[in-house]
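Visitor: What follows is protein_0.cif, made up of mmCIF, N, CA and C atoms and all ligand atoms:
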data_final
loop_
_atom_site.label_atom_id
_atom_site.label_comp_id
_atom_site.auth_asym_id
_atom_site.auth_seq_id
_atom_site.Cartn_x
_atom_site.Cartn_y
_atom_site.Cartn_z
N MET A 1 -4.45 18.28 1.34
CA MET A 1 -3.54 17.92 2.44
C MET A 1 -2.30 17.23 1.85
N SER A 2 -1.13 17.59 2.35
CA SER A 2 0.10 16.99 1.83
C SER A 2 0.18 15.52 2.24
N ILE A 3 1.02 14.77 1.53
CA ILE A 3 1.15 13.35 1.86
C ILE A 3 1.74 13.17 3.26
N VAL A 4 2.63 14.07 3.66
CA VAL A 4 3.19 13.98 5.01
C VAL A 4 2.09 14.22 6.05
N ASN A 5 1.22 15.17 5.77
CA ASN A 5 0.12 15.42 6.71
C ASN A 5 -0.88 14.27 6.76
N ILE A 6 -1.03 13.56 5.63
CA ILE A 6 -1.85 12.34 5.66
C ILE A 6 -1.22 11.33 6.63
N GLY A 7 0.11 11.21 6.57
CA GLY A 7 0.80 10.31 7.51
C GLY A 7 0.58 10.72 8.95
N LYS A 8 0.71 12.01 9.23
CA LYS A 8 0.50 12.50 10.60
C LYS A 8 -0.94 12.28 11.06
N ASN A 9 -1.85 12.48 10.14
CA ASN A 9 -3.28 12.27 10.44
C ASN A 9 -3.53 10.79 10.79
N ILE A 10 -2.94 9.90 10.02
CA ILE A 10 -3.10 8.46 10.29
C ILE A 10 -2.52 8.11 11.65
N SER A 11 -1.33 8.65 11.95
CA SER A 11 -0.70 8.36 13.24
C SER A 11 -1.56 8.82 14.40
N SER A 12 -2.06 10.03 14.33
CA SER A 12 -2.86 10.53 15.45
C SER A 12 -4.17 9.76 15.54
N THR A 13 -4.70 9.32 14.42
CA THR A 13 -5.93 8.53 14.45
C THR A 13 -5.69 7.17 15.09
N LEU A 14 -4.52 6.58 14.82
CA LEU A 14 -4.20 5.27 15.40
C LEU A 14 -4.06 5.32 16.93
N LEU A 15 -3.86 6.53 17.47
CA LEU A 15 -3.77 6.68 18.93
C LEU A 15 -5.15 6.66 19.59
N LEU A 16 -6.19 6.83 18.81
CA LEU A 16 -7.54 6.86 19.38
C LEU A 16 -8.00 5.45 19.71
N PRO A 17 -8.92 5.31 20.68
CA PRO A 17 -9.45 3.98 20.99
C PRO A 17 -10.40 3.50 19.89
N ASN A 18 -10.44 2.20 19.70
CA ASN A 18 -11.42 1.56 18.81
C ASN A 18 -11.39 2.10 17.38
N VAL A 19 -10.18 2.30 16.88
CA VAL A 19 -10.07 2.74 15.49
C VAL A 19 -10.22 1.52 14.59
N GLY A 20 -11.18 1.57 13.70
CA GLY A 20 -11.35 0.46 12.77
C GLY A 20 -10.38 0.60 11.59
N LYS A 21 -10.09 -0.52 10.97
CA LYS A 21 -9.18 -0.49 9.82
C LYS A 21 -9.73 0.37 8.70
N ASN A 22 -11.06 0.39 8.57
CA ASN A 22 -11.66 1.17 7.49
C ASN A 22 -11.44 2.66 7.67
N ARG A 23 -11.29 3.08 8.93
CA ARG A 23 -11.09 4.51 9.17
C ARG A 23 -9.75 4.97 8.59
N ILE A 24 -8.74 4.12 8.72
CA ILE A 24 -7.44 4.46 8.15
C ILE A 24 -7.52 4.43 6.62
N SER A 25 -8.23 3.45 6.09
CA SER A 25 -8.41 3.40 4.63
C SER A 25 -9.08 4.68 4.13
N THR A 26 -10.06 5.14 4.88
CA THR A 26 -10.78 6.35 4.46
C THR A 26 -9.86 7.56 4.44
N ILE A 27 -8.99 7.68 5.45
CA ILE A 27 -8.03 8.80 5.45
C ILE A 27 -7.14 8.72 4.21
N LEU A 28 -6.65 7.53 3.91
CA LEU A 28 -5.80 7.38 2.72
C LEU A 28 -6.55 7.78 1.45
N GLN A 29 -7.84 7.46 1.41
CA GLN A 29 -8.61 7.76 0.21
C GLN A 29 -8.94 9.24 0.06
N THR A 30 -8.85 10.00 1.15
CA THR A 30 -9.11 11.44 1.05
C THR A 30 -7.92 12.18 0.45
N TYR A 31 -6.78 11.52 0.37
CA TYR A 31 -5.59 12.19 -0.16
C TYR A 31 -5.78 12.48 -1.65
N SER A 32 -5.65 13.76 -2.04
CA SER A 32 -5.87 14.12 -3.44
C SER A 32 -4.76 15.01 -3.99
N ASN A 33 -3.71 15.20 -3.21
CA ASN A 33 -2.58 16.03 -3.63
C ASN A 33 -1.73 15.25 -4.64
N ASN A 34 -0.91 15.97 -5.39
CA ASN A 34 0.03 15.31 -6.31
C ASN A 34 1.45 15.29 -5.77
N ASP A 35 1.65 15.65 -4.51
CA ASP A 35 3.02 15.77 -4.00
C ASP A 35 3.71 14.42 -3.84
N TRP A 36 2.98 13.30 -4.00
CA TRP A 36 3.62 11.99 -3.97
C TRP A 36 4.63 11.84 -5.10
N ARG A 37 4.43 12.59 -6.19
CA ARG A 37 5.31 12.42 -7.35
C ARG A 37 6.77 12.74 -7.05
N ARG A 38 7.00 13.58 -6.06
CA ARG A 38 8.39 13.92 -5.75
C ARG A 38 9.13 12.75 -5.08
N TYR A 39 8.41 11.72 -4.70
CA TYR A 39 9.04 10.56 -4.06
C TYR A 39 9.28 9.40 -5.03
N ILE A 40 8.92 9.60 -6.29
CA ILE A 40 9.15 8.56 -7.29
C ILE A 40 10.64 8.48 -7.60
N ASP A 41 11.17 7.29 -7.66
CA ASP A 41 12.57 7.07 -8.02
C ASP A 41 12.70 7.24 -9.52
N PRO A 42 13.42 8.26 -10.01
CA PRO A 42 13.50 8.48 -11.45
C PRO A 42 14.46 7.53 -12.16
N ASN A 43 15.20 6.77 -11.39
CA ASN A 43 16.28 5.98 -11.99
C ASN A 43 15.95 4.51 -12.16
N ILE A 44 14.73 4.11 -11.83
CA ILE A 44 14.45 2.68 -11.97
C ILE A 44 14.13 2.36 -13.41
N GLY A 45 14.57 1.17 -13.83
CA GLY A 45 14.37 0.75 -15.20
C GLY A 45 13.10 -0.06 -15.34
N LEU A 46 12.99 -0.78 -16.42
CA LEU A 46 11.82 -1.62 -16.66
C LEU A 46 11.79 -2.77 -15.66
N ASN A 47 10.57 -3.22 -15.38
CA ASN A 47 10.40 -4.45 -14.60
C ASN A 47 10.95 -4.36 -13.19
N VAL A 48 10.85 -3.18 -12.61
CA VAL A 48 11.44 -2.94 -11.30
C VAL A 48 10.39 -2.32 -10.38
N TYR A 49 10.52 -2.67 -9.14
CA TYR A 49 9.69 -2.11 -8.08
C TYR A 49 10.59 -1.26 -7.21
N SER A 50 10.13 -0.09 -6.85
CA SER A 50 10.95 0.80 -6.04
C SER A 50 10.09 1.44 -4.95
N LYS A 51 10.66 1.62 -3.79
CA LYS A 51 9.89 2.14 -2.66
C LYS A 51 10.69 3.23 -1.97
N THR A 52 10.08 4.39 -1.75
CA THR A 52 10.75 5.53 -1.12
C THR A 52 10.00 5.92 0.14
N LYS A 53 10.76 6.08 1.24
CA LYS A 53 10.11 6.47 2.49
C LYS A 53 9.67 7.93 2.43
N VAL A 54 8.43 8.17 2.81
CA VAL A 54 7.85 9.51 2.81
C VAL A 54 7.80 10.08 4.22
N TYR A 55 7.49 9.22 5.18
CA TYR A 55 7.22 9.71 6.52
C TYR A 55 7.39 8.58 7.52
N GLU A 56 7.94 8.91 8.70
CA GLU A 56 8.02 7.94 9.79
C GLU A 56 7.86 8.66 11.11
N ASP A 57 7.12 8.06 12.03
CA ASP A 57 7.11 8.51 13.41
C ASP A 57 7.00 7.26 14.29
N ASN A 58 6.64 7.41 15.55
CA ASN A 58 6.63 6.22 16.42
C ASN A 58 5.42 5.31 16.18
N MET A 59 4.49 5.72 15.31
CA MET A 59 3.31 4.91 15.03
C MET A 59 3.37 4.18 13.69
N ILE A 60 3.93 4.84 12.67
CA ILE A 60 3.87 4.27 11.31
C ILE A 60 5.14 4.54 10.51
N ASN A 61 5.32 3.74 9.47
CA ASN A 61 6.19 4.06 8.34
C ASN A 61 5.30 4.22 7.11
N MET A 62 5.62 5.20 6.28
CA MET A 62 4.84 5.43 5.07
C MET A 62 5.77 5.55 3.87
N TYR A 63 5.39 4.89 2.77
CA TYR A 63 6.22 4.86 1.57
C TYR A 63 5.38 5.17 0.34
N VAL A 64 6.06 5.68 -0.71
CA VAL A 64 5.49 5.67 -2.05
C VAL A 64 6.22 4.59 -2.84
N ALA A 65 5.46 3.69 -3.46
CA ALA A 65 6.04 2.62 -4.28
C ALA A 65 5.73 2.87 -5.74
N THR A 66 6.68 2.53 -6.60
CA THR A 66 6.50 2.64 -8.04
C THR A 66 6.66 1.27 -8.66
N TRP A 67 5.74 0.93 -9.55
CA TRP A 67 5.68 -0.39 -10.17
C TRP A 67 5.86 -0.22 -11.67
N LYS A 68 6.99 -0.65 -12.19
CA LYS A 68 7.21 -0.53 -13.61
C LYS A 68 6.31 -1.50 -14.37
N PRO A 69 6.07 -1.22 -15.69
CA PRO A 69 5.22 -2.11 -16.48
C PRO A 69 5.72 -3.56 -16.41
N GLY A 70 4.79 -4.47 -16.18
CA GLY A 70 5.13 -5.89 -16.20
C GLY A 70 5.66 -6.45 -14.91
N TYR A 71 5.91 -5.60 -13.91
CA TYR A 71 6.49 -6.11 -12.67
C TYR A 71 5.46 -6.92 -11.88
N ILE A 72 5.89 -8.08 -11.37
CA ILE A 72 5.03 -8.85 -10.47
C ILE A 72 5.84 -9.25 -9.24
N SER A 73 5.29 -9.02 -8.07
CA SER A 73 6.01 -9.37 -6.84
C SER A 73 5.89 -10.87 -6.59
N THR A 74 6.76 -11.40 -5.78
CA THR A 74 6.59 -12.76 -5.30
C THR A 74 5.38 -12.81 -4.37
N ILE A 75 4.89 -14.02 -4.10
CA ILE A 75 3.87 -14.19 -3.05
C ILE A 75 4.58 -13.96 -1.73
N HIS A 76 4.07 -13.02 -0.93
CA HIS A 76 4.79 -12.70 0.30
C HIS A 76 3.83 -12.49 1.47
N SER A 77 4.41 -12.64 2.66
CA SER A 77 3.69 -12.34 3.89
C SER A 77 4.02 -10.92 4.31
N HIS A 78 3.35 -10.45 5.34
CA HIS A 78 3.67 -9.17 5.96
C HIS A 78 3.99 -9.51 7.40
N ASN A 79 3.86 -8.59 8.31
CA ASN A 79 3.98 -9.03 9.69
C ASN A 79 2.59 -9.03 10.29
N PRO A 80 2.43 -9.46 11.52
CA PRO A 80 1.08 -9.53 12.09
C PRO A 80 0.36 -8.18 12.08
N VAL A 81 1.13 -7.11 12.09
CA VAL A 81 0.52 -5.78 12.12
C VAL A 81 -0.05 -5.40 10.76
N GLY A 82 0.51 -5.94 9.69
CA GLY A 82 -0.05 -5.74 8.37
C GLY A 82 0.28 -4.40 7.75
N CYS A 83 -0.44 -4.05 6.70
CA CYS A 83 -0.27 -2.74 6.07
C CYS A 83 -1.51 -2.36 5.28
N TRP A 84 -1.64 -1.04 5.09
CA TRP A 84 -2.62 -0.48 4.16
C TRP A 84 -1.88 -0.04 2.91
N TYR A 85 -2.53 -0.17 1.77
CA TYR A 85 -1.96 0.47 0.59
C TYR A 85 -3.06 0.99 -0.31
N ARG A 86 -2.73 2.11 -0.94
CA ARG A 86 -3.69 2.80 -1.81
C ARG A 86 -3.08 3.04 -3.17
N ILE A 87 -3.84 2.77 -4.21
CA ILE A 87 -3.37 3.03 -5.57
C ILE A 87 -3.42 4.53 -5.84
N LEU A 88 -2.33 5.05 -6.40
CA LEU A 88 -2.27 6.47 -6.77
C LEU A 88 -2.39 6.65 -8.27
N GLN A 89 -1.81 5.74 -9.02
CA GLN A 89 -1.76 5.88 -10.48
C GLN A 89 -1.65 4.49 -11.08
N GLY A 90 -2.28 4.30 -12.24
CA GLY A 90 -2.18 3.03 -12.93
C GLY A 90 -3.11 2.00 -12.32
N GLU A 91 -2.85 0.75 -12.66
CA GLU A 91 -3.71 -0.36 -12.22
C GLU A 91 -2.83 -1.47 -11.68
N LEU A 92 -3.19 -1.98 -10.52
CA LEU A 92 -2.48 -3.11 -9.93
C LEU A 92 -3.43 -4.27 -9.75
N VAL A 93 -2.94 -5.47 -9.99
CA VAL A 93 -3.72 -6.69 -9.76
C VAL A 93 -3.18 -7.33 -8.49
N GLU A 94 -4.06 -7.56 -7.53
CA GLU A 94 -3.67 -8.25 -6.31
C GLU A 94 -4.27 -9.65 -6.29
N ARG A 95 -3.41 -10.64 -6.06
CA ARG A 95 -3.88 -12.01 -5.83
C ARG A 95 -3.61 -12.35 -4.38
N GLN A 96 -4.68 -12.67 -3.64
CA GLN A 96 -4.52 -13.08 -2.24
C GLN A 96 -4.55 -14.60 -2.16
N TYR A 97 -3.73 -15.14 -1.26
CA TYR A 97 -3.60 -16.58 -1.07
C TYR A 97 -3.88 -16.94 0.38
N ASP A 98 -4.60 -18.03 0.56
CA ASP A 98 -4.85 -18.52 1.91
C ASP A 98 -3.51 -18.78 2.60
N PRO A 99 -3.31 -18.26 3.82
CA PRO A 99 -1.99 -18.40 4.47
C PRO A 99 -1.62 -19.85 4.77
N ASP A 100 -2.59 -20.72 4.92
CA ASP A 100 -2.29 -22.13 5.24
C ASP A 100 -2.11 -22.98 3.99
N THR A 101 -3.01 -22.82 3.02
CA THR A 101 -2.98 -23.70 1.85
C THR A 101 -2.28 -23.09 0.64
N LEU A 102 -2.12 -21.75 0.66
CA LEU A 102 -1.61 -20.99 -0.48
C LEU A 102 -2.50 -21.10 -1.72
N PHE A 103 -3.75 -21.53 -1.52
CA PHE A 103 -4.71 -21.48 -2.63
C PHE A 103 -5.12 -20.02 -2.86
N LEU A 104 -5.34 -19.69 -4.13
CA LEU A 104 -5.83 -18.35 -4.46
C LEU A 104 -7.18 -18.13 -3.80
N SER A 105 -7.31 -17.04 -3.02
CA SER A 105 -8.55 -16.81 -2.29
C SER A 105 -9.27 -15.54 -2.74
N ARG A 106 -8.55 -14.65 -3.42
CA ARG A 106 -9.19 -13.40 -3.83
C ARG A 106 -8.38 -12.80 -4.96
N PHE A 107 -9.07 -12.23 -5.94
CA PHE A 107 -8.43 -11.59 -7.09
C PHE A 107 -9.03 -10.21 -7.23
N SER A 108 -8.22 -9.18 -7.19
CA SER A 108 -8.73 -7.81 -7.24
C SER A 108 -7.97 -6.99 -8.27
N VAL A 109 -8.69 -6.23 -9.05
CA VAL A 109 -8.09 -5.25 -9.96
C VAL A 109 -8.28 -3.89 -9.32
N LEU A 110 -7.18 -3.21 -9.03
CA LEU A 110 -7.21 -2.02 -8.19
C LEU A 110 -6.80 -0.79 -8.99
N ASN A 111 -7.58 0.27 -8.83
CA ASN A 111 -7.28 1.56 -9.46
C ASN A 111 -7.42 2.66 -8.41
N ASN A 112 -6.83 3.81 -8.70
CA ASN A 112 -6.97 4.99 -7.86
C ASN A 112 -8.45 5.29 -7.59
N PRO A 113 -8.90 5.47 -6.37
CA PRO A 113 -8.18 5.49 -5.09
C PRO A 113 -8.40 4.21 -4.26
N ASP A 114 -8.49 3.05 -4.92
CA ASP A 114 -8.74 1.81 -4.17
C ASP A 114 -7.69 1.62 -3.08
N THR A 115 -8.13 1.15 -1.93
CA THR A 115 -7.27 0.99 -0.76
C THR A 115 -7.53 -0.37 -0.13
N MET A 116 -6.45 -1.07 0.18
CA MET A 116 -6.56 -2.41 0.76
C MET A 116 -5.83 -2.45 2.09
N TYR A 117 -6.29 -3.32 2.97
CA TYR A 117 -5.54 -3.66 4.18
C TYR A 117 -5.27 -5.15 4.14
N ILE A 118 -4.05 -5.54 4.52
CA ILE A 118 -3.72 -6.97 4.55
C ILE A 118 -2.82 -7.25 5.74
N ASN A 119 -3.01 -8.40 6.36
CA ASN A 119 -2.04 -8.91 7.33
C ASN A 119 -1.99 -10.43 7.19
N ASP A 120 -1.14 -11.07 7.98
CA ASP A 120 -0.88 -12.49 7.76
C ASP A 120 -2.05 -13.38 8.15
N SER A 121 -2.97 -12.88 8.96
CA SER A 121 -4.13 -13.71 9.27
C SER A 121 -5.20 -13.58 8.18
N ILE A 122 -5.13 -12.52 7.38
CA ILE A 122 -6.07 -12.36 6.26
C ILE A 122 -5.60 -13.19 5.07
N ALA A 123 -4.36 -12.96 4.65
CA ALA A 123 -3.85 -13.63 3.45
C ALA A 123 -2.39 -13.28 3.24
N PHE A 124 -1.73 -14.07 2.38
CA PHE A 124 -0.51 -13.62 1.72
C PHE A 124 -0.95 -13.05 0.37
N HIS A 125 -0.05 -12.32 -0.30
CA HIS A 125 -0.47 -11.83 -1.61
C HIS A 125 0.72 -11.64 -2.54
N SER A 126 0.38 -11.51 -3.83
CA SER A 126 1.32 -10.97 -4.80
C SER A 126 0.60 -9.85 -5.53
N VAL A 127 1.38 -8.88 -5.98
CA VAL A 127 0.82 -7.70 -6.63
C VAL A 127 1.54 -7.51 -7.96
N GLU A 128 0.75 -7.22 -9.00
CA GLU A 128 1.30 -7.14 -10.36
C GLU A 128 0.84 -5.87 -11.04
N ASN A 129 1.77 -5.21 -11.74
CA ASN A 129 1.40 -4.19 -12.71
C ASN A 129 1.41 -4.86 -14.08
N ARG A 130 0.26 -5.28 -14.55
CA ARG A 130 0.22 -6.08 -15.78
C ARG A 130 0.15 -5.20 -17.03
N ASP A 131 0.21 -3.88 -16.84
CA ASP A 131 0.22 -2.98 -18.00
C ASP A 131 1.59 -3.05 -18.69
N ASP A 132 1.57 -3.08 -20.03
CA ASP A 132 2.82 -3.17 -20.79
C ASP A 132 3.54 -1.83 -20.89
N ILE A 133 2.83 -0.75 -20.66
CA ILE A 133 3.39 0.57 -20.99
C ILE A 133 3.50 1.47 -19.77
N ASN A 134 2.46 1.46 -18.94
CA ASN A 134 2.36 2.47 -17.89
C ASN A 134 2.85 1.96 -16.53
N SER A 135 3.61 2.79 -15.85
CA SER A 135 3.96 2.51 -14.46
C SER A 135 2.75 2.70 -13.58
N ALA A 136 2.79 2.09 -12.42
CA ALA A 136 1.76 2.32 -11.41
C ALA A 136 2.46 2.85 -10.16
N ALA A 137 1.68 3.49 -9.30
CA ALA A 137 2.23 4.00 -8.04
C ALA A 137 1.22 3.77 -6.92
N SER A 138 1.74 3.63 -5.71
CA SER A 138 0.87 3.37 -4.56
C SER A 138 1.51 3.93 -3.30
N ILE A 139 0.67 4.20 -2.31
CA ILE A 139 1.12 4.58 -0.97
C ILE A 139 1.02 3.35 -0.09
N HIS A 140 2.02 3.12 0.76
CA HIS A 140 1.98 2.00 1.70
C HIS A 140 2.18 2.53 3.12
N VAL A 141 1.31 2.11 4.01
CA VAL A 141 1.40 2.53 5.41
C VAL A 141 1.56 1.28 6.28
N TYR A 142 2.66 1.24 7.02
CA TYR A 142 2.96 0.11 7.90
C TYR A 142 2.86 0.58 9.35
N PRO A 143 1.83 0.19 10.08
CA PRO A 143 1.77 0.57 11.48
C PRO A 143 2.81 -0.20 12.29
N LYS A 144 3.29 0.40 13.36
CA LYS A 144 4.31 -0.23 14.20
C LYS A 144 3.69 -1.05 15.34
N THR A 145 2.47 -0.71 15.69
CA THR A 145 1.79 -1.48 16.73
C THR A 145 0.40 -1.80 16.23
N ILE A 146 -0.19 -2.82 16.82
CA ILE A 146 -1.52 -3.21 16.35
C ILE A 146 -2.55 -2.84 17.40
N ASN A 147 -3.42 -1.91 17.08
CA ASN A 147 -4.52 -1.61 17.98
C ASN A 147 -5.78 -1.32 17.19
N VAL A 148 -5.82 -1.83 15.96
CA VAL A 148 -7.02 -1.61 15.14
C VAL A 148 -7.71 -2.94 14.89
FE FE B 1 2.57 -6.79 0.22
#
Translate this file's structure into structure tokens.
Ligand SMILES: [Fe+2]
Guide:
Amino acid sequence: MSIVNIGKNISSTLLLPNVGKNRISTILQTYSNNDWRRYIDPNIGLNVYSKTKVYEDNMINMYVATWKPGYISTIHSHNPVGCWYRILQGELVERQYDPDTLFLSRFSVLNNPDTMYINDSIAFHSVENRDDINSAASIHVYPKTINV
């Protein structure tokens, strides 16, 4: 299934009643096509994070993100609706922080096809590509409404 069709599948699934967050994660994990590579920004240099929009409709925005070697994001929040993300290539380290205390609450080493969901009531996080040589890539899905 193409990455765009994965986006459409997620959108139509989000319209169903009682959709659990894991169901969306499972759809993301079924994606096995290589067509995400056409969304990689070829012009980013070292230590840079880049995000390209793949698909949007009235339910979601979907992006492919590229993480150059050594890049680490700031600790950041999302919105209440949150997001799912799935590793496509490489390895990413996620550190989750308690939203109230900012104490480290979870440490995860993520590889293809690991998929996470996060929102502001779960945690804030920072994400790092700690590899010195290899870029990493991931899919990010941002729902526009919360019904999961
Ligand atoms: Fe994030």
Visitor: Can you pull out every residue with an atom within 7 Å of ligand FE 1 (chain B)? Use all atoms listed in the file and format it as a list in words.
Guide: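 Residues lying within 7 Å of ligand FE 1 (chain B): His76, Ser77, His78, His125, Ser126 and Val127 of chain A.
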Visitor: Between atom C of A:Asp120 and atom N of A:Arg86, what distance in Å does the model show, to one decimal?
Guide: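 Going from atom C of A:Asp120 over to atom N of A:Arg86 covers 18.0 Å.
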Visitor: May I have the protein, DNA and RNA residues with an atom at most 6.5 Å from (10.9, 7.7, 1.6), counting only N, CA and C atoms in the file's coordinates, returned as a ChimeraX atom specification?
Guide: /A:51-55,62-64
Visitor: Next, the residues of the selection above should be written as a PDB file, in the coordinates of the input with N, CA and C atoms.
Guide:
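Result file follows (again.pdb):
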ATOM      1  N   LYS A  51      10.660   1.620  -3.790  1.00  0.00           N
ATOM      2  CA  LYS A  51       9.890   2.140  -2.660  1.00  0.00           C
ATOM      3  C   LYS A  51      10.690   3.230  -1.970  1.00  0.00           C
ATOM      4  N   THR A  52      10.080   4.390  -1.750  1.00  0.00           N
ATOM      5  CA  THR A  52      10.750   5.530  -1.120  1.00  0.00           C
ATOM      6  C   THR A  52      10.000   5.920   0.140  1.00  0.00           C
ATOM      7  N   LYS A  53      10.760   6.080   1.240  1.00  0.00           N
ATOM      8  CA  LYS A  53      10.110   6.470   2.490  1.00  0.00           C
ATOM      9  C   LYS A  53       9.670   7.930   2.430  1.00  0.00           C
ATOM     10  N   VAL A  54       8.430   8.170   2.810  1.00  0.00           N
ATOM     11  CA  VAL A  54       7.850   9.510   2.810  1.00  0.00           C
ATOM     12  C   VAL A  54       7.800  10.080   4.220  1.00  0.00           C
ATOM     13  N   TYR A  55       7.490   9.220   5.180  1.00  0.00           N
ATOM     14  CA  TYR A  55       7.220   9.710   6.520  1.00  0.00           C
ATOM     15  C   TYR A  55       7.390   8.580   7.520  1.00  0.00           C
ATOM     16  N   MET A  62       5.620   5.200   6.280  1.00  0.00           N
ATOM     17  CA  MET A  62       4.840   5.430   5.070  1.00  0.00           C
ATOM     18  C   MET A  62       5.770   5.550   3.870  1.00  0.00           C
ATOM     19  N   TYR A  63       5.390   4.890   2.770  1.00  0.00           N
ATOM     20  CA  TYR A  63       6.220   4.860   1.570  1.00  0.00           C
ATOM     21  C   TYR A  63       5.380   5.170   0.340  1.00  0.00           C
ATOM     22  N   VAL A  64       6.060   5.680  -0.710  1.00  0.00           N
ATOM     23  CA  VAL A  64       5.490   5.670  -2.050  1.00  0.00           C
ATOM     24  C   VAL A  64       6.220   4.590  -2.840  1.00  0.00           C
TER      25      VAL A  64
END
Visitor: Taking all atoms listed in the file into account, name the residue in A:Pro143, A:Ile87, A:Gly7, A:Trp36 that is nearest to A:Leu110.
Guide: A:Ile87
Visitor: Atom C of A:Thr115 and atom C of A:Thr30 are how many Å apart?
Guide: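 That distance, rounded to one decimal, is 12.6 Å.
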Visitor: Write down as a ChimeraX atom specification the residues belonging to chain A that are assigned strand (DSSP E or B) by DSSP computed on the backbone.
Guide: /A:49-56,60-67,72,76,83-89,91-97,104-111,115-118,124-128,136-143
Visitor: Rank nothing, just name the residue among A:Val48, A:Cys83, A:Ile27, A:Leu16 nearest to A:Gly70, using only N, CA and C atoms.
Guide: A:Val48
Visitor: Could you name the residues that touch A:Glu128 at 7 Å or less, counting only C-alpha atoms, but leaving out those on the same chain fewer than 3 positions away, as a list of chain:residue names?
Guide: A:Tyr71, A:Ile72, A:Ser73, A:Leu92, A:Val93, A:Glu94
Visitor: Which of these, A:Asn134, A:Thr26, A:Ser2, A:Asn129, has the shortest distance to A:Arg38 once you count only C-alpha atoms?
Guide: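 Between A:Asn134, A:Thr26, A:Ser2, A:Asn129, the residue approaching A:Arg38 most closely is A:Ser2.
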Visitor: Mind checking which residues fall within 8 Å of A:Phe124, counting all atoms listed in the file, ignoring those fewer than 3 positions away in the same chain, and posting them as a list in words?
Guide: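 That gives Thr74, Ile75, His76, Ser77, His78, Arg95, Gln96, Tyr97, Asp98, Pro99, Asp100, Leu102, Ile118, Asn119, Asp120, Ser121 and Val127 of chain A.
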Visitor: Hey, can you check how far atom CA of A:Ile146 sits from atom CA of A:Val81?
Guide: 5.4 Å
Visitor: May I have the protein, DNA and RNA residues with any atom at most 10 Å from the point (3.1, 14.0, -1.6), counting only C-alpha atoms, written as a short mmCIF file (atom, residue, chain, number, x, y, z; two decimals) with N, CA and C atoms, in the coordinates of the input?
Guide:
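Printed below is selection_29.cif as written:
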data_model
loop_
_atom_site.label_atom_id
_atom_site.label_comp_id
_atom_site.auth_asym_id
_atom_site.auth_seq_id
_atom_site.Cartn_x
_atom_site.Cartn_y
_atom_site.Cartn_z
N MET A 1 -4.45 18.28 1.34
CA MET A 1 -3.54 17.92 2.44
C MET A 1 -2.30 17.23 1.85
N SER A 2 -1.13 17.59 2.35
CA SER A 2 0.10 16.99 1.83
C SER A 2 0.18 15.52 2.24
N ILE A 3 1.02 14.77 1.53
CA ILE A 3 1.15 13.35 1.86
C ILE A 3 1.74 13.17 3.26
N VAL A 4 2.63 14.07 3.66
CA VAL A 4 3.19 13.98 5.01
C VAL A 4 2.09 14.22 6.05
N ASN A 5 1.22 15.17 5.77
CA ASN A 5 0.12 15.42 6.71
C ASN A 5 -0.88 14.27 6.76
N ILE A 6 -1.03 13.56 5.63
CA ILE A 6 -1.85 12.34 5.66
C ILE A 6 -1.22 11.33 6.63
N TYR A 31 -6.78 11.52 0.37
CA TYR A 31 -5.59 12.19 -0.16
C TYR A 31 -5.78 12.48 -1.65
N SER A 32 -5.65 13.76 -2.04
CA SER A 32 -5.87 14.12 -3.44
C SER A 32 -4.76 15.01 -3.99
N ASN A 33 -3.71 15.20 -3.21
CA ASN A 33 -2.58 16.03 -3.63
C ASN A 33 -1.73 15.25 -4.64
N ASN A 34 -0.91 15.97 -5.39
CA ASN A 34 0.03 15.31 -6.31
C ASN A 34 1.45 15.29 -5.77
N ASP A 35 1.65 15.65 -4.51
CA ASP A 35 3.02 15.77 -4.00
C ASP A 35 3.71 14.42 -3.84
N TRP A 36 2.98 13.30 -4.00
CA TRP A 36 3.62 11.99 -3.97
C TRP A 36 4.63 11.84 -5.10
N ARG A 37 4.43 12.59 -6.19
CA ARG A 37 5.31 12.42 -7.35
C ARG A 37 6.77 12.74 -7.05
N ARG A 38 7.00 13.58 -6.06
CA ARG A 38 8.39 13.92 -5.75
C ARG A 38 9.13 12.75 -5.08
N TYR A 39 8.41 11.72 -4.70
CA TYR A 39 9.04 10.56 -4.06
C TYR A 39 9.28 9.40 -5.03
N ILE A 40 8.92 9.60 -6.29
CA ILE A 40 9.15 8.56 -7.29
C ILE A 40 10.64 8.48 -7.60
N VAL A 54 8.43 8.17 2.81
CA VAL A 54 7.85 9.51 2.81
C VAL A 54 7.80 10.08 4.22
N VAL A 64 6.06 5.68 -0.71
CA VAL A 64 5.49 5.67 -2.05
C VAL A 64 6.22 4.59 -2.84
N ILE A 139 0.67 4.20 -2.31
CA ILE A 139 1.12 4.58 -0.97
C ILE A 139 1.02 3.35 -0.09
#
Visitor: Please run DSSP on the backbone and report, as a PyMOL selection string, all residues within stretch 4-133 of chain A that come out as alpha helix (DSSP H).
Guide: chain A and resi 4-14+21-30
Visitor: Which of these residues is nearest to A:Tyr117, using all atoms listed in the file: A:Ser12, A:Thr66, A:Ser25, A:Asn18?
Guide: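 Smallest distance to A:Tyr117 is found for A:Ser25.
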